[in-house]
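Peer 1: Compact mmCIF, C-alpha atoms and all ligand atoms, file query-v5.txt:
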# COMPACT_ATOMS: atom_id res chain seq x y z
CA MET W 16 -173.35 74.91 -4.42
CA SER W 17 -175.06 73.63 -1.31
CA GLN W 18 -177.76 71.07 -1.93
CA GLU W 19 -181.15 71.33 -0.25
CA ILE W 20 -181.84 68.70 2.41
CA ILE W 21 -185.00 67.01 1.23
CA LEU W 22 -185.45 64.51 4.05
CA GLU W 23 -184.19 64.49 7.60
CA ALA W 24 -184.84 61.90 10.28
CA ARG W 25 -183.94 63.06 13.79
CA GLY W 26 -183.64 61.06 16.97
CA ILE W 27 -185.59 58.06 15.72
CA ASN W 28 -186.31 55.37 18.34
CA LYS W 29 -188.07 52.07 17.74
CA SER W 30 -188.56 48.96 19.87
CA PHE W 31 -190.11 45.58 19.11
CA SER W 32 -191.44 43.72 22.14
CA GLY W 33 -189.28 45.76 24.51
CA VAL W 34 -186.11 45.34 22.45
CA GLN W 35 -184.84 48.65 21.13
CA VAL W 36 -183.67 48.23 17.54
CA LEU W 37 -183.25 51.93 16.63
CA LYS W 38 -181.60 54.25 19.11
CA ASP W 39 -181.64 57.97 18.46
CA VAL W 40 -180.94 57.47 14.75
CA HIS W 41 -180.27 60.39 12.45
CA MET W 42 -180.15 60.47 8.67
CA ASP W 43 -180.48 63.26 6.14
CA VAL W 44 -180.73 63.13 2.37
CA LYS W 45 -179.92 65.93 -0.06
CA ARG W 46 -181.73 66.62 -3.32
CA GLY W 47 -180.33 64.58 -6.17
CA GLU W 48 -177.88 62.58 -4.08
CA VAL W 49 -177.53 58.86 -3.79
CA HIS W 50 -177.13 58.33 -0.06
CA ALA W 51 -176.07 54.83 0.88
CA LEU W 52 -177.17 53.16 4.09
CA MET W 53 -174.96 50.34 5.30
CA GLY W 54 -174.69 48.11 8.33
CA GLU W 55 -174.53 44.45 9.22
CA ASN W 56 -177.62 42.27 9.14
CA GLY W 57 -179.90 43.35 11.96
CA ALA W 58 -178.33 46.82 12.24
CA GLY W 59 -181.75 48.42 11.70
CA LYS W 60 -181.57 49.58 8.07
CA SER W 61 -184.90 48.12 6.93
CA THR W 62 -186.62 49.25 10.13
CA LEU W 63 -185.46 52.82 9.54
CA ILE W 64 -186.73 52.92 5.98
CA LYS W 65 -189.99 51.25 6.98
CA ILE W 66 -190.49 54.12 9.42
CA LEU W 67 -189.67 56.63 6.68
CA THR W 68 -192.27 55.05 4.42
CA GLY W 69 -195.04 54.58 6.96
CA ALA W 70 -194.83 50.78 7.12
CA TYR W 71 -193.78 50.97 10.80
CA THR W 72 -194.64 53.61 13.40
CA LYS W 73 -191.72 55.19 15.25
CA ASP W 74 -191.78 55.33 19.06
CA SER W 75 -190.26 58.80 19.02
CA GLY W 76 -188.27 61.16 16.83
CA THR W 77 -188.98 63.64 14.08
CA ILE W 78 -189.15 63.39 10.30
CA LEU W 79 -188.70 66.56 8.26
CA TRP W 80 -189.60 66.72 4.57
CA LYS W 81 -188.17 69.80 2.84
CA GLY W 82 -187.66 71.34 6.27
CA LYS W 83 -191.21 70.79 7.56
CA GLU W 84 -192.15 68.25 10.18
CA VAL W 85 -194.35 65.49 8.77
CA GLU W 86 -196.12 62.40 10.06
CA ILE W 87 -195.81 59.45 7.70
CA GLU W 88 -198.30 56.87 8.89
CA SER W 89 -199.12 54.97 5.73
CA ARG W 90 -197.91 54.20 2.25
CA LYS W 91 -200.43 56.80 1.06
CA ASP W 92 -198.85 59.54 3.22
CA CYS W 93 -195.50 58.57 1.84
CA GLN W 94 -196.71 58.65 -1.79
CA ALA W 95 -198.39 62.00 -1.26
CA LEU W 96 -195.08 63.52 -0.17
CA GLY W 97 -193.24 62.03 -3.15
CA ILE W 98 -191.39 59.18 -1.48
CA ALA W 99 -191.35 55.75 -3.13
CA CYS W 100 -189.81 52.58 -1.83
CA ILE W 101 -188.60 49.47 -3.58
CA TYR W 102 -188.72 46.94 -0.73
CA GLN W 103 -186.65 43.77 -0.55
CA GLU W 104 -189.89 41.88 -1.14
CA LEU W 105 -191.27 43.15 -4.48
CA SER W 106 -194.94 44.10 -4.54
CA VAL W 107 -195.69 43.79 -8.27
CA ILE W 108 -198.56 41.50 -9.26
CA PRO W 109 -197.37 38.87 -11.77
CA ALA W 110 -200.75 38.30 -13.43
CA LEU W 111 -201.08 41.96 -14.45
CA THR W 112 -199.32 43.86 -17.21
CA VAL W 113 -196.53 46.38 -16.64
CA ALA W 114 -198.99 49.26 -17.20
CA GLN W 115 -201.61 47.77 -14.87
CA ASN W 116 -199.01 47.40 -12.14
CA ILE W 117 -197.73 50.95 -12.53
CA TYR W 118 -201.19 52.53 -12.33
CA LEU W 119 -202.86 50.06 -9.97
CA GLY W 120 -205.61 51.90 -8.09
CA ARG W 121 -204.91 55.10 -10.07
CA GLU W 122 -206.03 53.97 -13.55
CA PRO W 123 -207.13 56.65 -16.02
CA LYS W 124 -210.90 56.31 -16.53
CA LEU W 125 -213.15 56.42 -19.56
CA GLY W 126 -216.10 58.81 -19.29
CA LYS W 127 -218.63 58.84 -16.49
CA ARG W 128 -219.03 55.09 -16.08
CA GLY W 129 -215.54 54.84 -14.74
CA LEU W 130 -214.28 52.07 -17.01
CA ILE W 131 -210.53 51.86 -17.26
CA ASN W 132 -209.10 53.60 -20.30
CA TYR W 133 -206.62 50.88 -21.23
CA LYS W 134 -205.42 52.58 -24.38
CA ARG W 135 -204.52 55.73 -22.49
CA MET W 136 -203.04 53.78 -19.56
CA ASN W 137 -200.80 51.75 -21.86
CA GLN W 138 -199.69 54.91 -23.65
CA MET W 139 -198.91 56.71 -20.38
CA ALA W 140 -196.92 53.71 -19.18
CA GLN W 141 -195.03 53.38 -22.46
CA ASP W 142 -194.18 57.11 -22.46
CA LEU W 143 -192.83 56.78 -18.93
CA ILE W 144 -190.82 53.67 -19.87
CA ASP W 145 -189.41 55.40 -22.95
CA SER W 146 -188.47 58.55 -21.05
CA TYR W 147 -186.07 56.42 -18.99
CA GLU W 148 -185.21 54.13 -21.93
CA PHE W 149 -186.14 51.08 -19.84
CA PRO W 150 -186.09 47.79 -21.77
CA LEU W 151 -189.80 47.09 -21.14
CA LYS W 152 -193.15 47.03 -22.95
CA ALA W 153 -196.20 48.46 -21.20
CA THR W 154 -198.37 45.55 -22.34
CA ASP W 155 -196.01 42.77 -21.16
CA THR W 156 -197.36 40.61 -18.37
CA VAL W 157 -195.08 40.85 -15.33
CA ASP W 158 -195.21 37.05 -15.16
CA SER W 159 -193.06 36.91 -18.28
CA LEU W 160 -190.31 39.14 -16.83
CA GLY W 161 -187.18 38.20 -14.90
CA ILE W 162 -186.54 39.55 -11.43
CA GLY W 163 -184.43 42.47 -12.70
CA LEU W 164 -187.16 43.72 -15.02
CA ARG W 165 -189.78 43.25 -12.29
CA GLN W 166 -187.71 45.56 -10.17
CA LEU W 167 -187.77 48.13 -12.98
CA VAL W 168 -191.58 47.93 -12.93
CA GLU W 169 -191.48 48.61 -9.20
CA ILE W 170 -189.20 51.62 -9.82
CA LEU W 171 -191.55 52.91 -12.54
CA LYS W 172 -194.46 52.64 -10.12
CA GLY W 173 -192.55 54.95 -7.82
CA LEU W 174 -191.56 57.36 -10.59
CA SER W 175 -195.11 57.56 -11.98
CA CYS W 176 -196.14 59.33 -8.75
CA ASP W 177 -193.53 62.03 -9.44
CA SER W 178 -191.41 60.75 -6.57
CA GLU W 179 -188.58 62.97 -5.45
CA LEU W 180 -187.06 60.33 -3.20
CA LEU W 181 -186.67 56.69 -4.08
CA ILE W 182 -185.63 54.21 -1.41
CA MET W 183 -184.06 50.96 -2.56
CA ASP W 184 -183.54 48.20 -0.01
CA GLU W 185 -180.76 45.90 -1.27
CA PRO W 186 -181.88 46.22 -4.89
CA THR W 187 -179.07 44.14 -6.37
CA ALA W 188 -179.39 41.26 -3.91
CA SER W 189 -181.25 39.08 -6.40
CA LEU W 190 -180.05 40.59 -9.70
CA SER W 191 -177.60 39.17 -12.22
CA GLY W 192 -174.53 41.22 -13.11
CA ARG W 193 -176.18 42.42 -16.32
CA GLU W 194 -179.41 43.37 -14.57
CA ALA W 195 -177.44 45.23 -11.91
CA SER W 196 -175.62 47.28 -14.53
CA VAL W 197 -178.96 48.29 -16.07
CA LEU W 198 -180.04 49.41 -12.61
CA PHE W 199 -176.85 51.46 -12.13
CA THR W 200 -177.43 53.26 -15.44
CA ILE W 201 -180.95 54.04 -14.29
CA ILE W 202 -179.75 55.33 -10.94
CA GLU W 203 -177.33 57.67 -12.74
CA ALA W 204 -180.19 58.93 -14.93
CA LEU W 205 -182.43 59.52 -11.90
CA LYS W 206 -179.65 61.39 -10.13
CA LYS W 207 -179.31 63.69 -13.15
CA LYS W 208 -183.05 64.38 -13.00
CA GLY W 209 -182.66 65.50 -9.38
CA VAL W 210 -184.28 62.43 -7.80
CA SER W 211 -182.73 61.54 -4.43
CA ILE W 212 -182.04 57.92 -3.60
CA ILE W 213 -181.46 56.06 -0.35
CA TYR W 214 -179.51 53.02 -1.41
CA ILE W 215 -179.18 50.11 0.99
CA SER W 216 -176.53 47.59 0.10
CA HIS W 217 -174.01 45.22 1.60
CA ARG W 218 -171.77 45.76 -1.38
CA LEU W 219 -169.23 48.47 -0.79
CA GLU W 220 -168.10 48.54 -4.42
CA GLU W 221 -171.61 49.50 -5.52
CA VAL W 222 -171.92 52.04 -2.76
CA TYR W 223 -168.61 53.60 -3.72
CA ARG W 224 -169.55 53.72 -7.37
CA LEU W 225 -173.01 55.22 -6.90
CA SER W 226 -173.22 57.29 -3.78
CA GLN W 227 -172.25 60.75 -2.68
CA ARG W 228 -172.55 59.97 1.05
CA LEU W 229 -172.78 56.96 3.29
CA THR W 230 -174.56 56.52 6.62
CA ILE W 231 -173.47 53.51 8.67
CA LEU W 232 -175.66 51.97 11.37
CA ARG W 233 -174.37 49.55 13.99
CA ASP W 234 -176.63 47.84 16.53
CA GLY W 235 -179.40 50.35 15.83
CA ARG W 236 -177.21 53.43 16.33
CA ASN W 237 -175.45 55.87 14.00
CA ALA W 238 -171.86 54.74 13.61
CA ALA W 239 -170.73 57.20 10.91
CA VAL W 240 -171.72 59.53 8.08
CA LEU W 241 -169.06 59.71 5.39
CA GLU W 242 -168.57 61.80 2.27
CA LYS W 243 -167.47 59.81 -0.77
CA GLU W 244 -163.86 60.98 -0.42
CA GLU W 245 -163.81 59.67 3.13
CA ILE W 246 -164.84 56.15 2.19
CA VAL W 247 -161.93 53.85 3.04
CA PRO W 248 -163.13 50.27 2.59
CA ARG W 249 -161.36 48.74 5.57
CA GLU W 250 -162.55 51.51 7.86
CA VAL W 251 -166.11 51.20 6.61
CA ILE W 252 -166.10 47.50 7.47
CA GLN W 253 -164.56 48.17 10.85
CA THR W 254 -167.20 50.79 11.55
CA MET W 255 -169.95 48.39 10.55
CA ILE W 256 -168.76 45.50 12.67
CA GLY W 257 -167.32 47.63 15.49
CA LYS W 258 -163.92 46.04 15.65
CA VAL W 259 -160.58 46.15 13.91
CA VAL W 260 -160.40 43.95 10.85
CA ASP W 261 -157.47 41.56 10.91
CA GLU W 262 -156.33 41.52 7.31
CA SER W 263 -154.76 38.10 7.63
CA ALA W 264 -157.94 36.58 9.07
CA ALA W 265 -160.75 35.01 7.06
CA PRO W 266 -162.91 37.62 5.27
CA PRO W 267 -165.97 38.86 7.10
CA ARG W 268 -168.94 36.77 6.07
CA TYR W 269 -170.73 39.44 4.07
CA TYR W 270 -167.85 41.11 2.33
CA PRO W 271 -165.76 38.54 0.48
CA GLU W 272 -165.89 40.55 -2.74
CA ILE W 273 -164.57 43.64 -0.98
CA ARG W 274 -161.72 41.76 0.59
CA ARG W 275 -160.74 40.34 -2.78
CA ARG W 276 -160.65 43.76 -4.36
CA TRP W 277 -159.40 46.00 -1.61
CA PHE W 278 -157.35 44.17 1.00
P1 LIG F 301 -181.32 45.23 8.68
O1 LIG F 301 -182.27 45.64 7.62
O2 LIG F 301 -180.23 46.23 8.94
O3 LIG F 301 -180.75 43.86 8.45
P2 LIG F 301 -183.67 45.19 10.35
O4 LIG F 301 -184.13 46.60 10.42
O5 LIG F 301 -184.40 44.27 9.44
O6 LIG F 301 -182.11 45.15 10.07
O7 LIG F 301 -183.74 44.58 11.81
C1 LIG F 301 -183.23 45.22 12.96
C2 LIG F 301 -183.66 44.43 14.19
O8 LIG F 301 -185.05 44.59 14.36
C3 LIG F 301 -183.39 42.95 14.06
O9 LIG F 301 -182.95 42.48 15.31
C4 LIG F 301 -184.75 42.39 13.69
O10 LIG F 301 -184.87 41.08 14.17
C5 LIG F 301 -185.69 43.33 14.41
N1 LIG F 301 -186.99 43.45 13.74
C6 LIG F 301 -187.22 44.02 12.53
N2 LIG F 301 -188.53 43.98 12.23
C7 LIG F 301 -189.15 43.39 13.26
C8 LIG F 301 -190.51 43.05 13.57
N3 LIG F 301 -191.49 43.35 12.71
N4 LIG F 301 -190.76 42.45 14.76
C9 LIG F 301 -189.78 42.16 15.63
N5 LIG F 301 -188.49 42.45 15.41
C10 LIG F 301 -188.15 43.05 14.25
MG MG F 302 -182.87 44.67 5.77
Mind converting the file's structure to structure tokens?

Peer 2:
Amino acid sequence: MSQEIILEARGINKSFSGVQVLKDVHMDVKRGEVHALMGENGAGKSTLIKILTGAYTKDSGTILWKGKEVEIESRKDCQALGIACIYQELSVIPALTVAQNIYLGREPKLGKRGLINYKRMNQMAQDLIDSYEFPLKATDTVDSLGIGLRQLVEILKGLSCDSELLIMDEPTASLSGREASVLFTIIEALKKKGVSIIYISHRLEEVYRLSQRLTILRDGRNAAVLEKEEIVPREVIQTMIGKVVDESAAPPRYYPEIRRRWF
């Protein structure tokens, strides 16, 4: 069965102060797939997703959402389409509760005077939490949560807008092993519900475990798009860094865990 392409970025170019950091970049994402995005530091991964989410403006190129050309110029545009992003820098507010964070700016109101209906908001948040079996309470203050659970709040914020595409920029970078495995379970559950995910990671083992396809950027250009069966760790690393990996040499700086496991 062929899967619908939900998002397609075509010929994306972006420069900062005259330096071109994205050059004619292409990426497409199918419905319900986890599509990994890899590349060395500075390859342009975050810039690409910031363009897809309206945080940066592209210089040229086209973005298609469900086959139709769209302009994504703000976080609001992105939300309206059904795209949510969990950035490397989390945006949850520690002093507020889980429910307040999820519905910030979209709180259910009480009658005509527009007071926030806290009871209803907490219930909506708890129902959402329970539907994904997240280990959270709607009334917990985010302050009291570890980084892994804060990330879950960020994910819930995205899901509460009925997002069809969730973008995660290096989500496991600051998670413990246990927190990461909770996240992987959640990603599997989202995949089953038909949510698409762009998953940025340096960690090839995670990418291999989670994703259906892999796009590799190098120096702001497309270097490869691979199906899961085509993922050969050494070749992926070579494609990312643009040279042949000498197996007897010291491991590349970012991939010691891969070398240990695969070489
Ligand atoms: P990655 O996420 O793959 O590590 P980035 O997209 O963050 O790469 O960065 C790609 C290049 O663009 C880098 O050289 C980075 O310094 C540059 N860059 C990213 N954002 C900005 C910005 N706001 N201003 C100037 N240069 C930027
Ligand atoms: Mg980045």

Peer 1: Taking all atoms listed in the file into account, which residues are within 6 Å of ligand LIG 301 (chain F), as a ChimeraX atom specification?

Peer 2: /W:31,36,54-62

Peer 1: Kindly save the residues from that selection, with C-alpha atoms included, as an mmCIF file, in the coordinates of the input.

Peer 2:
data_model
loop_
_atom_site.group_PDB
_atom_site.id
_atom_site.type_symbol
_atom_site.label_atom_id
_atom_site.label_comp_id
_atom_site.auth_asym_id
_atom_site.auth_seq_id
_atom_site.Cartn_x
_atom_site.Cartn_y
_atom_site.Cartn_z
ATOM 1 C CA PHE W 31 -190.110 45.580 19.110
ATOM 2 C CA VAL W 36 -183.670 48.230 17.540
ATOM 3 C CA GLY W 54 -174.690 48.110 8.330
ATOM 4 C CA GLU W 55 -174.530 44.450 9.220
ATOM 5 C CA ASN W 56 -177.620 42.270 9.140
ATOM 6 C CA GLY W 57 -179.900 43.350 11.960
ATOM 7 C CA ALA W 58 -178.330 46.820 12.240
ATOM 8 C CA GLY W 59 -181.750 48.420 11.700
ATOM 9 C CA LYS W 60 -181.570 49.580 8.070
ATOM 10 C CA SER W 61 -184.900 48.120 6.930
ATOM 11 C CA THR W 62 -186.620 49.250 10.130
#

Peer 1: How far is it from CA of Asn132 (chain W) to CA of Gln94 (chain W), in Å with one decimal?

Peer 2: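 Result for CA of Asn132 (chain W) versus CA of Gln94 (chain W): 22.8 Å, one decimal.
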
Peer 1: Pull the closest atom pair for each residue of region 180-257 of chain W that gets at most 12 Å from region 65-73 of chain W, along with the distance in Å to one decimal, counting only C-alpha atoms, ordering rows by chain and then ascending residue number, as JSON lines.

Peer 2:
{"residue": "W:Leu180", "atom": "CA", "partner": "W:Thr68", "partner_atom": "CA", "distance": 10.6}
{"residue": "W:Leu181", "atom": "CA", "partner": "W:Thr68", "partner_atom": "CA", "distance": 10.3}
{"residue": "W:Ile182", "atom": "CA", "partner": "W:Thr68", "partner_atom": "CA", "distance": 8.9}
{"residue": "W:Met183", "atom": "CA", "partner": "W:Lys65", "partner_atom": "CA", "distance": 11.2}
{"residue": "W:Asp184", "atom": "CA", "partner": "W:Lys65", "partner_atom": "CA", "distance": 10.0}
{"residue": "W:Ile213", "atom": "CA", "partner": "W:Leu67", "partner_atom": "CA", "distance": 10.8}

Peer 1: Leaving out region 116-130 of chain W and any residue of its chain fewer than 3 positions from it, which residues lie within 7 Å of it when counting all atoms listed in the file, given as a PyMOL selection string?

Peer 2: chain W and resi 107-108+111-113+136+168+171-172

Peer 1: Which one of W:Leu96, W:Ala188, W:Cys176, W:Val49 sits closest to ligand MG 302 (chain F) if you count only C-alpha atoms and all ligand atoms?

Peer 2: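 Closest candidate: W:Ala188.
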
Peer 1: Would you mind completing region 166-194 of chain W so that it carries N, CA and C atoms, and writing it out as an mmCIF file, keeping the file's coordinate frame?

Peer 2:
data_model
loop_
_atom_site.group_PDB
_atom_site.id
_atom_site.type_symbol
_atom_site.label_atom_id
_atom_site.label_comp_id
_atom_site.auth_asym_id
_atom_site.auth_seq_id
_atom_site.Cartn_x
_atom_site.Cartn_y
_atom_site.Cartn_z
ATOM 1 N N GLN W 166 -188.146 44.468 -11.032
ATOM 2 C CA GLN W 166 -187.710 45.560 -10.170
ATOM 3 C C GLN W 166 -187.844 46.911 -10.890
ATOM 4 N N LEU W 167 -187.591 46.895 -12.202
ATOM 5 C CA LEU W 167 -187.770 48.130 -12.980
ATOM 6 C C LEU W 167 -189.233 48.571 -12.951
ATOM 7 N N VAL W 168 -190.149 47.599 -12.987
ATOM 8 C CA VAL W 168 -191.580 47.930 -12.930
ATOM 9 C C VAL W 168 -191.880 48.605 -11.585
ATOM 10 N N GLU W 169 -191.305 48.045 -10.543
ATOM 11 C CA GLU W 169 -191.480 48.610 -9.200
ATOM 12 C C GLU W 169 -190.929 50.054 -9.159
ATOM 13 N N ILE W 170 -189.796 50.272 -9.778
ATOM 14 C CA ILE W 170 -189.200 51.620 -9.820
ATOM 15 C C ILE W 170 -190.119 52.573 -10.598
ATOM 16 N N LEU W 171 -190.656 52.076 -11.731
ATOM 17 C CA LEU W 171 -191.550 52.910 -12.540
ATOM 18 C C LEU W 171 -192.803 53.307 -11.764
ATOM 19 N N LYS W 172 -193.297 52.360 -10.968
ATOM 20 C CA LYS W 172 -194.460 52.640 -10.120
ATOM 21 C C LYS W 172 -194.153 53.844 -9.226
ATOM 22 N N GLY W 173 -192.968 53.839 -8.672
ATOM 23 C CA GLY W 173 -192.550 54.950 -7.820
ATOM 24 C C GLY W 173 -192.412 56.247 -8.619
ATOM 25 N N LEU W 174 -191.799 56.154 -9.792
ATOM 26 C CA LEU W 174 -191.560 57.360 -10.590
ATOM 27 C C LEU W 174 -192.852 57.941 -11.150
ATOM 28 N N SER W 175 -193.847 57.084 -11.395
ATOM 29 C CA SER W 175 -195.110 57.560 -11.980
ATOM 30 C C SER W 175 -195.851 58.473 -11.015
ATOM 31 N N CYS W 176 -195.508 58.418 -9.726
ATOM 32 C CA CYS W 176 -196.140 59.330 -8.750
ATOM 33 C C CYS W 176 -195.290 60.580 -8.582
ATOM 34 N N ASP W 177 -194.410 60.870 -9.528
ATOM 35 C CA ASP W 177 -193.530 62.030 -9.440
ATOM 36 C C ASP W 177 -192.713 62.009 -8.151
ATOM 37 N N SER W 178 -192.179 60.851 -7.808
ATOM 38 C CA SER W 178 -191.410 60.750 -6.570
ATOM 39 C C SER W 178 -190.130 61.555 -6.643
ATOM 40 N N GLU W 179 -189.824 62.205 -5.532
ATOM 41 C CA GLU W 179 -188.580 62.970 -5.450
ATOM 42 C C GLU W 179 -187.522 62.204 -4.667
ATOM 43 N N LEU W 180 -187.981 61.188 -3.946
ATOM 44 C CA LEU W 180 -187.060 60.330 -3.200
ATOM 45 C C LEU W 180 -187.442 58.879 -3.414
ATOM 46 N N LEU W 181 -186.458 58.106 -3.830
ATOM 47 C CA LEU W 181 -186.670 56.690 -4.080
ATOM 48 C C LEU W 181 -185.803 55.926 -3.089
ATOM 49 N N ILE W 182 -186.400 54.992 -2.378
ATOM 50 C CA ILE W 182 -185.630 54.210 -1.410
ATOM 51 C C ILE W 182 -185.498 52.794 -1.946
ATOM 52 N N MET W 183 -184.276 52.304 -2.025
ATOM 53 C CA MET W 183 -184.060 50.960 -2.560
ATOM 54 C C MET W 183 -183.383 50.112 -1.499
ATOM 55 N N ASP W 184 -184.075 49.069 -1.062
ATOM 56 C CA ASP W 184 -183.540 48.200 -0.010
ATOM 57 C C ASP W 184 -182.876 46.980 -0.658
ATOM 58 N N GLU W 185 -181.569 46.972 -0.672
ATOM 59 C CA GLU W 185 -180.760 45.900 -1.270
ATOM 60 C C GLU W 185 -181.264 45.513 -2.661
ATOM 61 N N PRO W 186 -181.291 46.491 -3.581
ATOM 62 C CA PRO W 186 -181.880 46.220 -4.890
ATOM 63 C C PRO W 186 -181.112 45.199 -5.728
ATOM 64 N N THR W 187 -179.818 45.058 -5.498
ATOM 65 C CA THR W 187 -179.070 44.140 -6.370
ATOM 66 C C THR W 187 -178.960 42.744 -5.789
ATOM 67 N N ALA W 188 -179.550 42.541 -4.602
ATOM 68 C CA ALA W 188 -179.390 41.260 -3.910
ATOM 69 C C ALA W 188 -179.780 40.068 -4.794
ATOM 70 N N SER W 189 -180.841 40.225 -5.595
ATOM 71 C CA SER W 189 -181.250 39.080 -6.400
ATOM 72 C C SER W 189 -181.114 39.347 -7.901
ATOM 73 N N LEU W 190 -180.236 40.278 -8.275
ATOM 74 C CA LEU W 190 -180.050 40.590 -9.700
ATOM 75 C C LEU W 190 -178.785 39.954 -10.243
ATOM 76 N N SER W 191 -178.818 39.640 -11.554
ATOM 77 C CA SER W 191 -177.600 39.170 -12.220
ATOM 78 C C SER W 191 -176.699 40.377 -12.459
ATOM 79 N N GLY W 192 -175.465 40.134 -12.841
ATOM 80 C CA GLY W 192 -174.530 41.220 -13.110
ATOM 81 C C GLY W 192 -175.056 42.175 -14.175
ATOM 82 N N ARG W 193 -175.677 41.594 -15.213
ATOM 83 C CA ARG W 193 -176.180 42.420 -16.320
ATOM 84 C C ARG W 193 -177.361 43.277 -15.857
ATOM 85 N N GLU W 194 -178.248 42.642 -15.088
ATOM 86 C CA GLU W 194 -179.410 43.370 -14.570
ATOM 87 C C GLU W 194 -178.966 44.496 -13.632
#
